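File shown: coords_18.pdb. Contents: PDB, C-alpha atoms.
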```pdb
ATOM      1  CA  MET A   1     -14.715 196.212   5.618
ATOM      2  CA  THR A   2     -13.218 196.014   9.096
ATOM      3  CA  ASP A   3     -11.590 192.957  10.513
ATOM      4  CA  GLN A   4     -11.285 193.654  14.180
ATOM      5  CA  ALA A   5     -12.541 192.186  17.413
ATOM      6  CA  PRO A   6     -15.736 193.628  18.867
ATOM      7  CA  ASN A   7     -15.302 196.305  21.503
ATOM      8  CA  PRO A   8     -18.670 196.366  23.315
ATOM      9  CA  LYS A   9     -17.778 199.278  25.585
ATOM     10  CA  ALA A  10     -16.746 201.463  22.650
ATOM     11  CA  LEU A  11     -19.845 200.307  20.754
ATOM     12  CA  ILE A  12     -22.322 201.354  23.448
ATOM     13  CA  GLU A  13     -20.429 204.608  24.060
ATOM     14  CA  HIS A  14     -20.510 205.414  20.355
ATOM     15  CA  VAL A  15     -24.228 204.704  19.967
ATOM     16  CA  ALA A  16     -25.308 206.359  23.224
ATOM     17  CA  LYS A  17     -23.292 209.510  22.525
ATOM     18  CA  ALA A  18     -24.929 209.779  19.115
ATOM     19  CA  LEU A  19     -28.403 209.560  20.676
ATOM     20  CA  VAL A  20     -28.203 211.856  23.689
ATOM     21  CA  ALA A  21     -28.170 215.638  24.101
ATOM     22  CA  ALA A  22     -25.319 215.508  26.643
ATOM     23  CA  PRO A  23     -22.680 213.122  25.219
ATOM     24  CA  ASP A  24     -20.091 214.220  27.807
ATOM     25  CA  GLN A  25     -22.292 212.654  30.485
ATOM     26  CA  VAL A  26     -22.363 209.211  28.886
ATOM     27  CA  ILE A  27     -20.560 206.676  31.061
ATOM     28  CA  VAL A  28     -20.172 203.003  30.178
ATOM     29  CA  GLU A  29     -18.666 200.491  32.589
ATOM     30  CA  GLN A  30     -18.174 196.828  31.865
ATOM     31  CA  VAL A  31     -18.647 194.221  34.565
ATOM     32  CA  ASP A  32     -17.849 190.541  34.244
ATOM     33  CA  GLU A  33     -20.639 188.446  35.740
ATOM     34  CA  ASP A  34     -20.296 184.672  35.492
ATOM     35  CA  GLY A  35     -18.813 184.765  32.032
ATOM     36  CA  GLU A  36     -21.352 187.296  30.823
ATOM     37  CA  LEU A  37     -20.118 190.799  30.133
ATOM     38  CA  VAL A  38     -22.563 193.406  31.403
ATOM     39  CA  LEU A  39     -22.337 196.899  29.948
ATOM     40  CA  GLU A  40     -23.690 199.436  32.384
ATOM     41  CA  LEU A  41     -24.819 202.605  30.672
ATOM     42  CA  GLU A  42     -25.352 205.847  32.519
ATOM     43  CA  VAL A  43     -26.638 209.016  30.857
ATOM     44  CA  ALA A  44     -27.884 212.414  32.033
ATOM     45  CA  GLU A  45     -31.340 212.213  33.606
ATOM     46  CA  ASP A  46     -32.878 214.233  30.785
ATOM     47  CA  ASP A  47     -31.431 211.784  28.243
ATOM     48  CA  MET A  48     -32.960 208.629  29.740
ATOM     49  CA  GLY A  49     -35.887 208.743  27.327
ATOM     50  CA  ARG A  50     -33.526 209.014  24.383
ATOM     51  CA  VAL A  51     -31.694 205.775  25.210
ATOM     52  CA  ILE A  52     -34.806 203.852  26.260
ATOM     53  CA  GLY A  53     -37.355 205.074  23.710
ATOM     54  CA  LYS A  54     -41.087 204.551  23.442
ATOM     55  CA  SER A  55     -41.972 201.107  24.811
ATOM     56  CA  GLY A  56     -38.230 200.545  25.294
ATOM     57  CA  LYS A  57     -37.576 200.204  21.581
ATOM     58  CA  ILE A  58     -34.296 202.147  21.500
ATOM     59  CA  ALA A  59     -32.896 200.094  24.371
ATOM     60  CA  ARG A  60     -34.022 196.951  22.554
ATOM     61  CA  ALA A  61     -32.273 198.058  19.369
ATOM     62  CA  MET A  62     -29.048 198.687  21.305
ATOM     63  CA  ARG A  63     -29.343 195.240  22.893
ATOM     64  CA  ASN A  64     -29.802 193.621  19.492
ATOM     65  CA  LEU A  65     -26.652 195.306  18.288
ATOM     66  CA  LEU A  66     -24.770 194.305  21.414
ATOM     67  CA  HIS A  67     -25.913 190.686  21.067
ATOM     68  CA  ALA A  68     -24.637 190.637  17.483
ATOM     69  CA  ALA A  69     -21.258 191.907  18.687
ATOM     70  CA  GLY A  70     -21.360 189.169  21.325
ATOM     71  CA  GLU A  71     -22.075 186.590  18.676
ATOM     72  CA  LYS A  72     -18.990 187.792  16.791
ATOM     73  CA  ALA A  73     -16.921 187.608  19.968
ATOM     74  CA  GLY A  74     -18.321 184.219  20.996
ATOM     75  CA  ARG A  75     -19.592 185.454  24.358
ATOM     76  CA  ARG A  76     -22.656 187.003  25.905
ATOM     77  CA  TYR A  77     -22.942 190.764  26.218
ATOM     78  CA  GLU A  78     -25.822 192.368  28.095
ATOM     79  CA  LEU A  79     -26.858 195.995  28.438
ATOM     80  CA  GLU A  80     -28.075 197.529  31.650
ATOM     81  CA  ILE A  81     -29.281 201.108  31.715
ATOM     82  CA  LEU A  82     -28.703 202.589  35.144
ATOM     83  CA  GLU A  83     -31.324 204.941  36.520
TER
ATOM     84  CA  MET G   1     -33.590 217.306   6.689
ATOM     85  CA  ASN G   2     -30.392 218.278   4.925
ATOM     86  CA  LYS G   3     -29.754 215.126   2.899
ATOM     87  CA  ILE G   4     -26.014 215.517   2.359
ATOM     88  CA  GLU G   5     -25.359 216.407   5.963
ATOM     89  CA  SER G   6     -27.547 213.515   7.123
ATOM     90  CA  ALA G   7     -25.711 211.103   4.803
ATOM     91  CA  ASN G   8     -22.402 212.243   6.295
ATOM     92  CA  GLN G   9     -23.736 211.814   9.825
ATOM     93  CA  LEU G  10     -24.996 208.339   8.903
ATOM     94  CA  ASN G  11     -21.597 207.434   7.552
ATOM     95  CA  GLY G  12     -19.840 208.515  10.759
ATOM     96  CA  PHE G  13     -22.383 206.658  12.879
ATOM     97  CA  LEU G  14     -22.324 203.422  10.880
ATOM     98  CA  ASN G  15     -18.562 203.434  10.546
ATOM     99  CA  GLY G  16     -18.226 203.357  14.340
ATOM    100  CA  VAL G  17     -21.022 200.825  14.784
ATOM    101  CA  VAL G  18     -19.615 198.361  12.245
ATOM    102  CA  LYS G  19     -16.071 198.751  13.585
ATOM    103  CA  HIS G  20     -16.863 198.464  17.303
ATOM    104  CA  ALA G  21     -19.339 195.613  16.801
ATOM    105  CA  GLY G  22     -16.646 193.729  14.863
ATOM    106  CA  LEU G  23     -19.055 193.192  11.979
ATOM    107  CA  LYS G  24     -17.713 192.209   8.573
ATOM    108  CA  LEU G  25     -19.996 194.475   6.627
ATOM    109  CA  LYS G  26     -19.637 197.171   4.075
ATOM    110  CA  TYR G  27     -22.348 199.640   3.253
ATOM    111  CA  ARG G  28     -23.221 202.115   0.568
ATOM    112  CA  ILE G  29     -25.144 205.301   1.269
ATOM    113  CA  THR G  30     -27.048 206.781  -1.675
ATOM    114  CA  VAL G  31     -28.797 210.150  -1.585
ATOM    115  CA  ASP G  32     -31.951 210.343  -3.757
ATOM    116  CA  PRO G  33     -31.687 206.717  -4.926
ATOM    117  CA  ALA G  34     -33.395 205.556  -8.095
ATOM    118  CA  ILE G  35     -36.333 203.404  -7.018
ATOM    119  CA  ALA G  36     -37.745 200.558  -9.068
ATOM    120  CA  ASP G  37     -41.298 201.047 -10.396
ATOM    121  CA  ASP G  38     -42.716 198.305  -8.225
ATOM    122  CA  ARG G  39     -41.564 200.187  -5.160
ATOM    123  CA  ASP G  40     -43.004 203.539  -6.086
ATOM    124  CA  TRP G  41     -44.832 203.685  -2.743
ATOM    125  CA  GLU G  42     -41.468 204.028  -1.082
ATOM    126  CA  ARG G  43     -39.330 207.028  -1.957
ATOM    127  CA  PRO G  44     -36.537 207.396   0.552
ATOM    128  CA  ASP G  45     -34.187 210.379   0.449
ATOM    129  CA  ILE G  46     -31.342 208.211   1.678
ATOM    130  CA  LEU G  47     -30.803 204.519   1.007
ATOM    131  CA  VAL G  48     -28.256 202.512   2.990
ATOM    132  CA  GLU G  49     -27.397 199.110   1.522
ATOM    133  CA  PHE G  50     -25.335 196.588   3.458
ATOM    134  CA  ALA G  51     -23.363 193.680   2.065
ATOM    135  CA  GLY G  52     -20.624 191.354   3.272
ATOM    136  CA  PRO G  53     -20.051 188.124   5.191
ATOM    137  CA  ASP G  54     -22.123 189.245   8.203
ATOM    138  CA  SER G  55     -25.231 190.073   6.140
ATOM    139  CA  SER G  56     -26.889 186.993   7.616
ATOM    140  CA  LEU G  57     -26.588 188.512  11.097
ATOM    141  CA  LEU G  58     -28.518 191.558   9.867
ATOM    142  CA  LEU G  59     -31.254 189.399   8.354
ATOM    143  CA  GLU G  60     -31.837 186.865  11.145
ATOM    144  CA  ARG G  61     -35.246 186.826  12.872
ATOM    145  CA  GLY G  62     -37.038 188.941  10.289
ATOM    146  CA  ALA G  63     -34.090 191.317   9.767
ATOM    147  CA  GLU G  64     -34.227 192.341  13.419
ATOM    148  CA  LEU G  65     -30.683 193.752  13.499
ATOM    149  CA  LEU G  66     -31.121 195.624  10.207
ATOM    150  CA  ARG G  67     -34.295 197.258  11.578
ATOM    151  CA  SER G  68     -32.507 198.001  14.865
ATOM    152  CA  LEU G  69     -29.686 199.777  13.041
ATOM    153  CA  GLU G  70     -32.231 201.705  10.990
ATOM    154  CA  LEU G  71     -34.074 202.795  14.120
ATOM    155  CA  LEU G  72     -30.873 203.863  15.899
ATOM    156  CA  ALA G  73     -29.815 205.808  12.805
ATOM    157  CA  MET G  74     -33.157 207.620  12.626
ATOM    158  CA  GLU G  75     -32.918 208.486  16.308
ATOM    159  CA  MET G  76     -29.344 209.652  15.842
ATOM    160  CA  LEU G  77     -30.545 211.992  13.077
ATOM    161  CA  ARG G  78     -33.419 213.194  15.356
ATOM    162  CA  LEU G  79     -35.920 212.389  12.623
ATOM    163  CA  PRO G  80     -39.535 212.886  13.733
ATOM    164  CA  GLY G  81     -41.822 209.881  13.161
ATOM    165  CA  ASN G  82     -43.428 211.351  10.049
ATOM    166  CA  GLU G  83     -40.001 211.575   8.381
ATOM    167  CA  HIS G  84     -38.935 207.992   9.054
ATOM    168  CA  GLU G  85     -39.875 207.083   5.488
ATOM    169  CA  LYS G  86     -36.959 209.212   4.310
ATOM    170  CA  ILE G  87     -34.348 206.717   5.473
ATOM    171  CA  ASN G  88     -34.289 203.184   4.204
ATOM    172  CA  PHE G  89     -31.879 200.417   5.246
ATOM    173  CA  ASP G  90     -31.608 197.356   3.045
ATOM    174  CA  CYS G  91     -29.495 194.232   2.735
ATOM    175  CA  MET G  92     -29.543 191.658  -0.073
ATOM    176  CA  GLY G  93     -32.945 192.824  -1.328
ATOM    177  CA  GLN G  94     -34.627 192.103   2.019
ATOM    178  CA  ARG G  95     -37.062 195.026   1.730
ATOM    179  CA  LYS G  96     -38.359 193.936  -1.644
ATOM    180  CA  ALA G  97     -38.763 190.345  -0.448
ATOM    181  CA  ARG G  98     -40.587 191.517   2.671
ATOM    182  CA  LEU G  99     -42.809 193.821   0.627
ATOM    183  CA  GLU G 100     -43.848 190.910  -1.580
ATOM    184  CA  GLU G 101     -44.480 188.772   1.496
ATOM    185  CA  LEU G 102     -46.708 191.472   3.041
ATOM    186  CA  ARG G 103     -48.636 192.010  -0.182
ATOM    187  CA  LEU G 104     -49.201 188.276  -0.517
ATOM    188  CA  SER G 105     -50.418 187.929   3.064
ATOM    189  CA  ALA G 106     -52.699 190.959   2.520
ATOM    190  CA  SER G 107     -54.316 189.333  -0.476
ATOM    191  CA  VAL G 108     -54.702 185.975   1.312
ATOM    192  CA  ALA G 109     -56.272 187.803   4.278
ATOM    193  CA  ALA G 110     -58.686 189.647   1.957
ATOM    194  CA  GLU G 111     -59.950 186.343   0.566
ATOM    195  CA  LYS G 112     -60.315 184.863   4.061
ATOM    196  CA  VAL G 113     -62.372 187.834   5.255
ATOM    197  CA  ARG G 114     -64.620 187.690   2.185
ATOM    198  CA  GLN G 115     -65.195 183.968   2.594
ATOM    199  CA  SER G 116     -65.661 183.887   6.358
ATOM    200  CA  GLY G 117     -67.255 187.294   6.870
ATOM    201  CA  THR G 118     -65.162 187.693  10.021
ATOM    202  CA  PRO G 119     -62.257 190.080  10.728
ATOM    203  CA  TYR G 120     -58.665 188.956  10.151
ATOM    204  CA  HIS G 121     -55.945 189.943  12.633
ATOM    205  CA  PHE G 122     -52.438 190.324  11.199
ATOM    206  CA  ALA G 123     -49.397 189.673  13.383
ATOM    207  CA  PRO G 124     -48.004 192.772  15.154
ATOM    208  CA  MET G 125     -45.860 194.919  12.848
ATOM    209  CA  SER G 126     -43.871 198.138  12.817
ATOM    210  CA  SER G 127     -45.652 201.308  11.686
ATOM    211  CA  ARG G 128     -43.882 201.093   8.346
ATOM    212  CA  GLU G 129     -45.050 197.546   7.698
ATOM    213  CA  ARG G 130     -48.591 198.337   8.833
ATOM    214  CA  ARG G 131     -48.614 201.150   6.308
ATOM    215  CA  ILE G 132     -47.660 198.686   3.554
ATOM    216  CA  VAL G 133     -50.575 196.440   4.539
ATOM    217  CA  HIS G 134     -53.020 199.385   4.643
ATOM    218  CA  LEU G 135     -51.819 200.500   1.190
ATOM    219  CA  ALA G 136     -51.968 196.993  -0.239
ATOM    220  CA  LEU G 137     -55.642 196.769   0.757
ATOM    221  CA  ARG G 138     -56.805 200.304   0.021
ATOM    222  CA  ASP G 139     -58.421 199.336  -3.307
ATOM    223  CA  GLU G 140     -60.453 196.514  -1.754
ATOM    224  CA  HIS G 141     -63.597 198.604  -1.417
ATOM    225  CA  ASP G 142     -65.621 195.924   0.358
ATOM    226  CA  LEU G 143     -63.041 195.737   3.164
ATOM    227  CA  VAL G 144     -61.663 198.143   5.777
ATOM    228  CA  THR G 145     -58.315 198.075   7.587
ATOM    229  CA  GLU G 146     -57.634 199.518  10.983
ATOM    230  CA  SER G 147     -54.659 199.442  13.367
ATOM    231  CA  THR G 148     -55.300 198.294  16.889
ATOM    232  CA  GLY G 149     -53.296 197.673  20.069
ATOM    233  CA  GLU G 150     -50.432 199.615  21.582
ATOM    234  CA  GLY G 151     -46.661 199.705  21.141
ATOM    235  CA  LEU G 152     -45.049 196.470  20.024
ATOM    236  CA  ARG G 153     -48.431 194.687  19.953
ATOM    237  CA  ARG G 154     -49.979 197.140  17.485
ATOM    238  CA  SER G 155     -51.348 195.311  14.475
ATOM    239  CA  VAL G 156     -53.628 195.653  11.476
ATOM    240  CA  VAL G 157     -57.126 194.194  11.508
ATOM    241  CA  LEU G 158     -59.029 193.670   8.279
ATOM    242  CA  TYR G 159     -62.847 193.892   8.475
ATOM    243  CA  PRO G 160     -65.699 193.410   6.036
ATOM    244  CA  LYS G 161     -66.848 196.964   5.378
ATOM    245  CA  ASP G 162     -70.497 196.444   6.298
ATOM    246  CA  GLN G 163     -69.542 194.881   9.613
ATOM    247  CA  LYS G 164     -67.147 197.654  10.510
ATOM    248  CA  SER G 165     -69.555 200.464   9.697
ATOM    249  CA  SER G 166     -72.337 198.821  11.707
ATOM    250  CA  GLN G 167     -70.053 198.822  14.755
ATOM    251  CA  ARG G 168     -69.519 202.553  14.572
ATOM    252  CA  ILE G 169     -71.830 204.663  16.687
TER
END
```
So that I can check it, write out the structure of this file as structure tokens.
Amino acid sequence: MTDQAPNPKALIEHVAKALVAAPDQVIVEQVDEDGELVLELEVAEDDMGRVIGKSGKIARAMRNLLHAAGEKAGRRYELEILE
Amino acid sequence: MNKIESANQLNGFLNGVVKHAGLKLKYRITVDPAIADDRDWERPDILVEFAGPDSSLLLERGAELLRSLELLAMEMLRLPGNEHEKINFDCMGQRKARLEELRLSASVAAEKVRQSGTPYHFAPMSSRERRIVHLALRDEHDLVTESTGEGLRRSVVLYPKDQKSSQRI
């Protein structure tokens, strides 16, 4: 069992790279916005569907995971997928 | 699906997820798990069981995070929809408890439909849970189940058989 602080940028990078066909084109930037940490995810155009999913369910699953990490860290993390 | 290779990929994926999310969780991955008799409808090739202090986070809001991790893992493995049954994520017996809950609500719904003669609409569910409801009601020969709606709103409706067949053209 790990005992380390959440690293939301590494988390989204890890998950996105596992999902896409072009992991070398995964870029995650973190932006502080009024106390909320926004993770901006950029992937190759052809991989957009893979990180969003049917009816947005993949993106929702990533957000759920990110929110749990935020709960552990005691702050709010949000995911934005850049088009 | 190569089970051993998939189990190794799952391990690499989950190891990173648990570490980077800062979750206090351990997990066990079992290939070809022994399944209890009362779950014979469900025969996964790979079972992932979580435990640890953050189990409650996985189980909040109807095990939303557990299901999210399961979905991400299936996508990571590139499993087509008809192979999603092969991977099963569980935590503290949640699946069994949920199965019992679904079976109970199916039997309550069956009685309601028989008594009222009107269709019963279940709450929206995932495809896997809808399948459990369909299976739970398949031996009720006076009733018919059908899924309706799209995406996250898709749900099971239970009809009296005579009513349903009269609607068909």
Residues of chain A within 8 Å of chain G, counting all atoms listed in the file, as an mmCIF file with C-alpha atoms, keeping the file's coordinate frame:
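Final file, result07.cif:
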```cif
data_model
loop_
_atom_site.group_PDB
_atom_site.id
_atom_site.type_symbol
_atom_site.label_atom_id
_atom_site.label_comp_id
_atom_site.auth_asym_id
_atom_site.auth_seq_id
_atom_site.Cartn_x
_atom_site.Cartn_y
_atom_site.Cartn_z
ATOM 1 C CA MET A 1 -14.715 196.212 5.618
ATOM 2 C CA THR A 2 -13.218 196.014 9.096
ATOM 3 C CA ASP A 3 -11.590 192.957 10.513
ATOM 4 C CA GLN A 4 -11.285 193.654 14.180
ATOM 5 C CA ALA A 5 -12.541 192.186 17.413
ATOM 6 C CA PRO A 6 -15.736 193.628 18.867
ATOM 7 C CA ASN A 7 -15.302 196.305 21.503
ATOM 8 C CA PRO A 8 -18.670 196.366 23.315
ATOM 9 C CA ALA A 10 -16.746 201.463 22.650
ATOM 10 C CA LEU A 11 -19.845 200.307 20.754
ATOM 11 C CA HIS A 14 -20.510 205.414 20.355
ATOM 12 C CA VAL A 15 -24.228 204.704 19.967
ATOM 13 C CA ALA A 18 -24.929 209.779 19.115
ATOM 14 C CA LEU A 19 -28.403 209.560 20.676
ATOM 15 C CA LYS A 54 -41.087 204.551 23.442
ATOM 16 C CA SER A 55 -41.972 201.107 24.811
ATOM 17 C CA ILE A 58 -34.296 202.147 21.500
ATOM 18 C CA ARG A 60 -34.022 196.951 22.554
ATOM 19 C CA ALA A 61 -32.273 198.058 19.369
ATOM 20 C CA MET A 62 -29.048 198.687 21.305
ATOM 21 C CA ASN A 64 -29.802 193.621 19.492
ATOM 22 C CA LEU A 65 -26.652 195.306 18.288
ATOM 23 C CA LEU A 66 -24.770 194.305 21.414
ATOM 24 C CA ALA A 68 -24.637 190.637 17.483
ATOM 25 C CA ALA A 69 -21.258 191.907 18.687
ATOM 26 C CA LYS A 72 -18.990 187.792 16.791
ATOM 27 C CA ALA A 73 -16.921 187.608 19.968
#
```
Run the PyMOL selection byres ((chain A and resi 52) around 12) on the file and write out the hits as JSON, numbers by chain.
{"A": [16, 19, 20, 41, 42, 43, 45, 46, 47, 48, 49, 50, 51, 53, 54, 55, 56, 57, 58, 59, 60, 61, 62, 63, 79, 80, 81, 82, 83], "G": [72, 75]}
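Remark: for Ala63 of chain G, the closest of the candidate residues G:Glu129, G:Glu100, G:Asp142, G:Asp90 is G:Asp90 (distances computed over all atoms listed in the file).
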With 5 Å of padding per side, what axis-aligned box (centre and edge lengths, Å, one decimal) covers all the listed atoms of segment 14-18 of chain A? Give it as JSON.
```
{"center_x": -22.9, "center_y": 207.2, "center_z": 21.2, "size_x": 14.8, "size_y": 15.1, "size_z": 14.1}
```
Using atom CA of Thr118 of chain G and atom CA of Thr145 of chain G as the two end points, give the distance in Å to one decimal.
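Straight-line distance from atom CA of Thr118 of chain G to atom CA of Thr145 of chain G works out to 12.7 Å.
Of note, atom CA of Ser127 of chain G and atom CA of Gln94 of chain G are spaced 17.3 Å apart.
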Please measure the separation of atom CA of Met1 of chain G and atom CA of Arg128 of chain G, giving the value in Å to one decimal.
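Taking atom CA of Met1 of chain G as the start and atom CA of Arg128 of chain G as the end point, the length is 19.3 Å.
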Would you kindly return, as number ranges by chain, each protein, DNA or RNA residue with an atom no farther than 9 Å from any atom of His84 of chain G, considering all atoms listed in the file and excluding same-chain residues fewer than 2 positions away?
G: 44, 71, 74, 79-82, 86-88, 128
Select, from G:Asn8, G:Ala123, G:Leu47, G:Leu137, the residue with the minimum atom-to-atom distance to Glu111 of chain G, counting all atoms listed in the file.
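Closest candidate: G:Leu137.
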